[in-house]
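Heads up: the structure comes next, in structure tokens.
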Amino acid sequence: MKDSPFIYGTTVSTHAFTNREAEAAKLRNNLLNGINTIIISPRRWGKSSLVEKVVMEINKKEKKTKTVIIDLFTVGSEEEFLEMFAREVIKASSPKWQEWLASGKEFFNKLIPKLSIGLDPTNDFSLSFDWKELKKNSEEVLNLPETIGKKKGLKFIICLDEFQNISSFNGYADLEKKLRSYWQRQKLVTYCLYGSKRHMMTEIFNNAGKPFYRFGDIMLLPKIETKKWVAFITKGFQDTGKFIDEKTAERIAGLMKNHSWYVQQLAHYTWNLTHKKASVTEINNALTELIYANTPLYQNEIENISITQLNFLKAVVKGETQFTSAAVMNTYALGTPRNVSKNKSLLINTDLIHEIDGIFQFVDPAFELWFRKQFLNQSYLIE
């Protein structure tokens, strides 16, 4: 049996990557021309896959440009961030682990890093600093790619995923100022900063009172168009000896509102249930499987919100827009206008809803289908 042509749950930067030619071209052009770039979109819309694809292309063609991708999702402190930043920049600077160990003396003046290599140098290279010394001399780490670039005749592209997470660090305000101060003066380093908490990323980069205001070109990543999903899905079936017509493929994209992760997931489940030709029956069975697989997550989301927040979600799913009108507040028991404003902010901050063109929507289309079934008794199956 052939492998599924549809991939979810991991980044997709090769054969299962689909139809972001314009965004990839713009990002590649920006990074190669020294234009810092900020990518903002909801989670699972394909930011990380886009960056990885562009970085892979750059790595193949630009031997004097070194790339670094760091995921800040699990990083919990400034110290951890600086050590990870230094380690990954040093690793990217040379394919030889012997040069990594020598970098301690070559690239640092005030700091003395502790460097060690394990049996597998690629995965067992560790670096640490004395925290007091690091705090006093953090500029040596923040300027490290520029320092190495000058000494080795290299350029660096530094990609930081879930960048908004640094706002949770103790002393973040001072760190934010330092990052902007040092990074904006670098000539050999270009930064790609991206994250999935749209409101936080927007606050960092679009607030005129913040250090990172106008730090670079902001890309608001759109959803992939339906016609491109249809072409991708039908080709995936065809390439693996199965068939799905365009109308049926369009239903997969439509049910998942062109959300990259979920279109891939529903397409995979449908493909897996199809022997020869996919029909509505396979899609409905696949959708049931998808909703069932994600139900524990959705139940957890509901358990962690208040009754008035739950009611606010009911109003959103019903298409309401005037949440503070007396009629809407009474119909859905939303509480006071102050409660409405507070709950709206909380639901946005937890990425349950977002605002697009003045309309509030669920960020997660499958969660919305589950929610409609659970709380409004609306079937998600198609006829």
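To be explicit about the labels: the chains of the structure tokens are called A, B, and onward in the order shown, and within each one the residues are counted from 1, while ligands get numbers from 1 in the order they are shown.
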Can you check which residues of region 40-269 of chain A DSSP gives as strand (DSSP E or B) on the backbone and send them as a VMD selection string?
chain A and resid 40 65 to 71 114 to 117 125 to 128 155 to 161 189 to 195 217 to 220 243
Give me the residues near region 88-95 of chain A as a VMD selection string, where near means some atom within 7 Å (using only C-alpha atoms) and where sequence neighbours in that chain fewer than 3 positions away do not count.
chain A and resid 66 to 68 84 to 85 99 to 100 145
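For the residues A:Thr274, A:Leu221, A:Ser4, A:Gln309, ranking by smallest atom-to-atom distance to Ala22 (chain A) using only C-alpha atoms places A:Leu221 first.
Across the model, the gap from CA of Val51 (chain A) to CA of Leu27 (chain A) is 8.0 Å.
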Non-local contacts of region 323-326 of chain A (9 Å; only C-alpha atoms; under 5 positions in same chain excluded) as number ranges by chain
A: 312, 315-316, 331, 334, 336-338, 340-341
What's around Lys136 (chain A) at 12 Å? Count only C-alpha atoms, leave out sequence neighbours fewer than 5 positions away in its own chain, and write the answer as a list of chain:residue names.
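These residues fall inside the cut-off: A:Glu79, A:Lys110, A:Leu111, A:Phe129, A:Asp130, A:Trp131, A:Val141, A:Lys178.
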Which residues come within 10 Å of Glu140 (chain A), counting only C-alpha atoms, excluding same-chain residues fewer than 6 positions away, as a PyMOL selection string?
chain A and resi 82+86+107-111+134+146-147+182
Contacts of region 263-266 of chain A at 10 Å or less, counting only C-alpha atoms, minus same-chain residues fewer than 5 places along, as a PyMOL selection string?
chain A and resi 5-9+16+229+232-233+249+251-258+271-272+283-291+365-366
Which residues are near Phe125 (chain A)? Cut-off 9 Å, only C-alpha atoms, ignore same chain within fewer than 6 positions. Put them as a PyMOL selection string.
chain A and resi 87+91+97+100+115-118
Keeping only C-alpha atoms, write the selected residues to a file as a compact mmCIF listing (two decimals), in the first residue's frame.
```txt
# COMPACT_ATOMS: atom_id res chain seq x y z
CA ARG A 87 24.44 27.12 20.27
CA LYS A 91 26.35 24.91 14.80
CA TRP A 97 32.20 20.04 15.22
CA TRP A 100 32.25 24.53 17.17
CA LEU A 115 31.15 23.66 25.36
CA SER A 116 30.94 19.87 25.09
CA ILE A 117 30.33 17.20 22.46
CA GLY A 118 28.68 13.79 22.90
```
